[in-house]
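Here the structure is laid out as C-alpha cells; the discussion comes afterwards.
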Amino acid sequence: MSDSVTVNPVFARPGEATELPANRMPQEESLPETAYQIVHDEAMLDGNARLNLATFVGTWMDDQANRLYAEAADKNMIDKDEYPQTAAIETRCWTMLADLWNAPDPENAIGTSTIGSSEACMLGGLALKRRWQLARRAAGKPTDKPNLVMSSAVQVVWEKFCNYWEVEARYVPITEEHQQLDGHDLEKYVDENTIGVVAIMGVTYTGTYEPVADVAKKLDQIQADTGLDIPIHVDGASGAMIAPFCQPDLEWDFRLERVASINTSGHKYGLVYPGLGWVVWRHKELLPQELIFSVSYLGGNMPTFALNFSRPGAQVLLQYYMFLRLGFEGYQRVQQNSLDVAQFLAKEIAALGPFELWNDGSDIPVFAWRLKKGHTTNWSLYDLSDRLRARGWLVPAYPMPDDLTDVVVQRIVVRNGLSHDLAVALLKDLRTAVEFLDSLDGPLPHATQAHVQFHH
C-alpha cells in the first residue's frame with residue numbers, strides 16, 4: 001500500500017505540494033479544490049452502489065431529498081433543546097410506524113430513532129432483559145442466567161447483543177425441513193430464564209419471513225402448559241417496511257399480543273440514506289423507565305434511550321420527507337415494484353437450468369439460489385460471483401448457517417433503483433457468465449484464490 005497520495009497535475013496550484021502523506025496529517029494546508037479532488041478520485045475506486053445487489057441499504061434518493069439532506073447535515077439528533085422541531089418530527093415518525101404496525105393505541109406507544117437497525121435491536125434486547133430482571137427480582141428469583149432464543153440465521157447483531165450484555169444465545173437451527181424459526185421444538189429452548197424470542201421478518205441469508213404468528217401460537221401453548229409468559233421481539237429490519245404495504249393481511253406485528261417490540265431500518269426499505277433505524281414498543285409500560293435517562297445538555301433536560309449520543313438528525317427529517325412524499329400508496333407502489341422485479345429475476349434465474357431457488361422473492365424483494373446437485377464440479381457459485389463482479393455486479397455467494405453450512409447460496413437484494421431494465425441487463429451478464437463457466441472442460445484453479453468473507 002502506498003504511503004502517499006499524489007495530486008493530478010491538472011488540479012495542483014503553484015506552490016502546492018503534489019504529493020501528500022496518506023496515513024498522517026499533512027503539515028500544511030491545501031486548497032479546498034485540491035483536497036476535494038483527491039477524496040473524489042479515491043472514492044471513484046469504490047463500486048457502483050446501484051449495482052451492489054448484496055446490500056439492503058438504500059443507495060438512491062431524489063433531488064429534493066438530497067437538498068434537504070445538505071440543509072440539515074448540521075443537526076444533532078441528541079440536542080432536542082436546540083432542535084425541538086426535529087425532535088417533534090422524530091416522535092411523529094415513530095408514532096406513524098406504531099400505527100402502521102397496528103399498535104392498539106399508537107399515542108400510548110413509545111419509540112425512538114437510532115443510528116440503524118443494529119442499535120434498534122440492541123435497545124429492543126435491553127428492554128427484554130431489564131423487564132425479565134425486574135420480574136425475577138420481584139419474585140425473589142435469581143437474574144444471573146438470562147437467555148434469548150432465536151434462529152441460527154439471525155443477523156450478527158443478535159450475537160453481539162448476547163455477547164455484550166451477557167445473555168446466553170440459544171439458536172434454533174434451520175434445516176431443509178424447517179427453513180425458518182417456525183415454532184418447531186421451541187419448547188426445548190425456552191425456560192424461566194428466557195427473556196424473549198426474536199422472530200425475523202426478512203432473514204438476511206435468504207429474505208424469507210419467519211412465521212411470527214406460528215411462533216406466537218407456540219409460545220401461547222407453552223404458557224398454557226408451563227406458565228411461562230415469553231414476549232416476542234420482531235426484527236423487521238427489512239420486512240417491517242414491506243409487509244404493511246404489500247402483504248397487509250399477514251399477521252406479524254402488534255396485532256399479535258405477544259409482540260412487545262419491533263425494529264426496522266429507515267435506511268433499508270424505509271428508503272432513506274444510511275444510517276437510520278427505528279424501534280417501537282407496543283405501549284409505554286413495556287419500556288422500563290429506568291432505561292430512560294434524563295440528560296441536561298446544551299441548556300435543556302431531555303429523555304434519551306440510546307447507545308449513541310450525538311448523531312445526525314438529517315436522516316430523521318429525510319424519513320419524514322419520505323412519509324409525506326410517498327404516503328401509504330406511494331410506499332406500496334415502490335415496494336411492490338421491487339417485489340415484481342425480484343420475482344421476475346427469480347423466475348428467469350430458475351429457468352437457466354443450473355440453479356435451484358431457495359425462495360422466490362415473494363416475502364421481501366430478496367431471493368437466493370443454489371447450484372443443483374450434480375450440475376458441475378468445474379465451478380461454484382463463488383466463481384459465478386467473481387464473473388459477475390468483473391461486470392460491476394456485486395452478487396455475493398456464501399454458506400448457510402450452522403447445520404446447513406454445506407449449502408452455498410447466492411443472493412440478490414432488489415432495492416428501489418434496480419429497474420426492470422437493469423434487471424434485464426443483469427440477466428444478460430448472468431447468462432453469459434453461466435455459458436462461459438459451463439463451457440469449461442476442467443475445474444477452475446482456486447489455489448491462490450481467496451473469497452472475501454461475506455457478512456450479512
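Residue numbering restarts at 1 for every chain of the C-alpha cells, chains are lettered A, B, ... in their displayed order, and ligands are numbered from 1 as they appear.
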- Which of segment 190-354 of chain A DSSP labels helix (DSSP H, G or I), written as number ranges by chain: A: 212-226, 239-241, 243-246, 284-286, 289-291, 314-351
- Message: Which residues are near Tyr320 of chain A? Cut-off 12 Å, only C-alpha atoms, ignore same chain within fewer than 6 positions. Put them as a VMD selection string.
- Response: chain A and resid 65 68 to 69 85 to 97 113 266 270 to 272 276 313 to 314 326 to 327
- Please provide the set of residues having any atom within 8 Å of segment 164-175 of chain A, restricted to only C-alpha atoms, with same-chain residues fewer than 5 positions apart removed, written as JSON, numbers by chain. {"A": [145, 146, 147, 148, 149, 150, 151, 152, 153, 159, 180, 181, 186, 189, 401, 402, 403, 404]}
Which residues of segment 178-235 of chain A have any atom within 12 Å of an atom in segment 367-383 of chain A when counting only C-alpha atoms, and what is the closest pair of atoms for each, with the distance in Å to one decimal? Order the rows by chain and rising number and write it as CSV.
```
residue,atom,partner,partner_atom,distance
A:Gly202,CA,A:Phe367,CA,10.2
A:Val203,CA,A:Phe367,CA,10.1
A:Thr204,CA,A:Phe367,CA,9.7
A:Tyr205,CA,A:Ala368,CA,7.8
A:Thr206,CA,A:Ala368,CA,5.3
A:Gly207,CA,A:Phe367,CA,5.8
A:Thr208,CA,A:Phe367,CA,7.8
A:Tyr209,CA,A:Phe367,CA,11.4
```
How would the residues just chosen look if you wrote them out with C-alpha atoms as a compact mmCIF listing (two decimals), in the first residue's frame?
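And here is the file that came out, part-v1.txt:
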```txt
# COMPACT_ATOMS: atom_id res chain seq x y z
CA GLY A 202 -36.82 -10.99 6.30
CA VAL A 203 -33.99 -13.39 7.08
CA THR A 204 -30.79 -11.80 5.78
CA TYR A 205 -29.49 -15.07 4.30
CA THR A 206 -32.47 -15.54 2.02
CA GLY A 207 -35.10 -12.83 2.51
CA THR A 208 -37.84 -15.13 3.84
CA TYR A 209 -40.25 -14.21 6.61
```
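Every residue of segment 38-189 of chain A found in strand (DSSP E) when DSSP is run on the backbone appears here: Ile110, Gly111, Thr112, Ser113, Thr114, Asn147, Leu148, Val149, Met150, Ser151, Glu168, Ala169, Arg170, Tyr171 and Val172 of chain A.
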Deliver the residues from the most recent selection as a file, using all heavy atoms, as a tab-separated table (two decimals), in the first residue's frame.
```tsv
chain	number	residue	atom	x	y	z
A	110	ILE	N	-44.41	3.81	22.45
A	110	ILE	CA	-43.20	4.59	22.66
A	110	ILE	C	-42.13	4.05	21.72
A	110	ILE	O	-42.08	2.85	21.44
A	110	ILE	CB	-42.73	4.55	24.13
A	110	ILE	CG1	-41.60	5.57	24.36
A	110	ILE	CG2	-42.32	3.15	24.55
A	110	ILE	CD1	-41.29	5.81	25.83
A	111	GLY	N	-41.31	4.95	21.23
A	111	GLY	CA	-40.27	4.53	20.30
A	111	GLY	C	-39.16	5.54	20.22
A	111	GLY	O	-39.18	6.58	20.90
A	112	THR	N	-38.19	5.25	19.38
A	112	THR	CA	-37.08	6.18	19.19
A	112	THR	C	-36.41	5.90	17.86
A	112	THR	O	-36.50	4.79	17.33
A	112	THR	CB	-36.05	6.06	20.33
A	112	THR	OG1	-35.04	7.06	20.16
A	112	THR	CG2	-35.38	4.70	20.36
A	113	SER	N	-35.77	6.91	17.33
A	113	SER	CA	-34.90	6.69	16.18
A	113	SER	C	-33.55	6.20	16.69
A	113	SER	O	-33.19	6.42	17.85
A	113	SER	CB	-34.72	7.97	15.37
A	113	SER	OG	-34.02	8.94	16.13
A	114	THR	N	-32.82	5.53	15.82
A	114	THR	CA	-31.49	5.02	16.17
A	114	THR	C	-30.57	5.25	14.97
A	114	THR	O	-31.01	5.70	13.91
A	114	THR	CB	-31.53	3.53	16.51
A	114	THR	OG1	-31.98	2.79	15.35
A	114	THR	CG2	-32.47	3.25	17.68
A	147	ASN	N	-31.38	-15.86	28.97
A	147	ASN	CA	-31.12	-16.37	27.63
A	147	ASN	C	-32.10	-15.78	26.64
A	147	ASN	O	-33.19	-15.33	27.01
A	147	ASN	CB	-31.14	-17.90	27.60
A	147	ASN	CG	-32.52	-18.48	27.86
A	147	ASN	OD1	-33.42	-18.38	27.01
A	147	ASN	ND2	-32.71	-19.10	29.03
A	148	LEU	N	-31.71	-15.78	25.40
A	148	LEU	CA	-32.53	-15.26	24.31
A	148	LEU	C	-32.59	-16.33	23.23
A	148	LEU	O	-31.56	-16.88	22.83
A	148	LEU	CB	-31.92	-13.97	23.75
A	148	LEU	CG	-32.69	-13.25	22.63
A	148	LEU	CD1	-34.02	-12.70	23.16
A	148	LEU	CD2	-31.85	-12.10	22.06
A	149	VAL	N	-33.79	-16.62	22.74
A	149	VAL	CA	-33.98	-17.70	21.76
A	149	VAL	C	-34.22	-17.09	20.38
A	149	VAL	O	-35.00	-16.15	20.23
A	149	VAL	CB	-35.17	-18.60	22.17
A	149	VAL	CG1	-35.43	-19.66	21.10
A	149	VAL	CG2	-34.89	-19.26	23.52
A	150	MET	N	-33.54	-17.65	19.39
A	150	MET	CA	-33.63	-17.11	18.03
A	150	MET	C	-33.18	-18.17	17.04
A	150	MET	O	-32.60	-19.19	17.40
A	150	MET	CB	-32.77	-15.86	17.90
A	150	MET	CG	-31.30	-16.09	18.21
A	150	MET	SD	-30.42	-14.58	18.63
A	150	MET	CE	-29.74	-15.03	20.22
A	151	SER	N	-33.43	-17.91	15.77
A	151	SER	CA	-32.98	-18.79	14.70
A	151	SER	C	-31.47	-18.71	14.53
A	151	SER	O	-30.85	-17.67	14.81
A	151	SER	CB	-33.67	-18.39	13.39
A	151	SER	OG	-32.96	-18.83	12.27
A	168	GLU	N	-27.21	-15.54	27.36
A	168	GLU	CA	-26.95	-16.79	26.64
A	168	GLU	C	-27.77	-16.81	25.35
A	168	GLU	O	-28.99	-16.62	25.37
A	168	GLU	CB	-27.34	-17.99	27.49
A	168	GLU	CG	-27.16	-19.33	26.78
A	168	GLU	CD	-27.82	-20.49	27.49
A	168	GLU	OE1	-28.33	-20.29	28.61
A	168	GLU	OE2	-27.86	-21.59	26.90
A	169	ALA	N	-27.10	-17.00	24.22
A	169	ALA	CA	-27.79	-17.11	22.93
A	169	ALA	C	-28.18	-18.57	22.70
A	169	ALA	O	-27.32	-19.45	22.69
A	169	ALA	CB	-26.89	-16.62	21.81
A	170	ARG	N	-29.46	-18.80	22.51
A	170	ARG	CA	-29.94	-20.14	22.20
A	170	ARG	C	-30.46	-20.15	20.77
A	170	ARG	O	-31.49	-19.55	20.46
A	170	ARG	CB	-31.04	-20.56	23.18
A	170	ARG	CG	-30.51	-20.76	24.60
A	170	ARG	CD	-31.55	-21.35	25.52
A	170	ARG	NE	-30.98	-21.61	26.85
A	170	ARG	CZ	-31.68	-22.07	27.87
A	170	ARG	NH1	-32.99	-22.33	27.72
A	170	ARG	NH2	-31.10	-22.28	29.04
A	171	TYR	N	-29.71	-20.83	19.91
A	171	TYR	CA	-30.03	-20.83	18.49
A	171	TYR	C	-30.83	-22.07	18.12
A	171	TYR	O	-30.40	-23.20	18.37
A	171	TYR	CB	-28.75	-20.79	17.67
A	171	TYR	CG	-27.91	-19.56	17.88
A	171	TYR	CD1	-26.68	-19.62	18.53
A	171	TYR	CD2	-28.37	-18.31	17.45
A	171	TYR	CE1	-25.91	-18.49	18.72
A	171	TYR	CE2	-27.60	-17.18	17.65
A	171	TYR	CZ	-26.38	-17.26	18.29
A	171	TYR	OH	-25.63	-16.13	18.48
A	172	VAL	N	-31.98	-21.85	17.50
A	172	VAL	CA	-32.76	-22.95	16.94
A	172	VAL	C	-32.25	-23.16	15.52
A	172	VAL	O	-32.38	-22.27	14.68
A	172	VAL	CB	-34.26	-22.62	16.93
A	172	VAL	CG1	-35.06	-23.78	16.35
A	172	VAL	CG2	-34.75	-22.27	18.33
```
Residues of segment 290-339 of chain A within 8 Å of segment 118-136 of chain A: nearest atom pair and distance (Å, one decimal) for each, counting only C-alpha atoms, sorted by chain and number, as a Markdown table?
```
| residue | atom | partner | partner_atom | distance |
| --- | --- | --- | --- | --- |
| A:Leu291 | CA | A:Ala127 | CA | 7.7 |
| A:Phe305 | CA | A:Leu123 | CA | 8.0 |
| A:Ala306 | CA | A:Leu123 | CA | 7.2 |
| A:Leu307 | CA | A:Glu119 | CA | 6.8 |
```
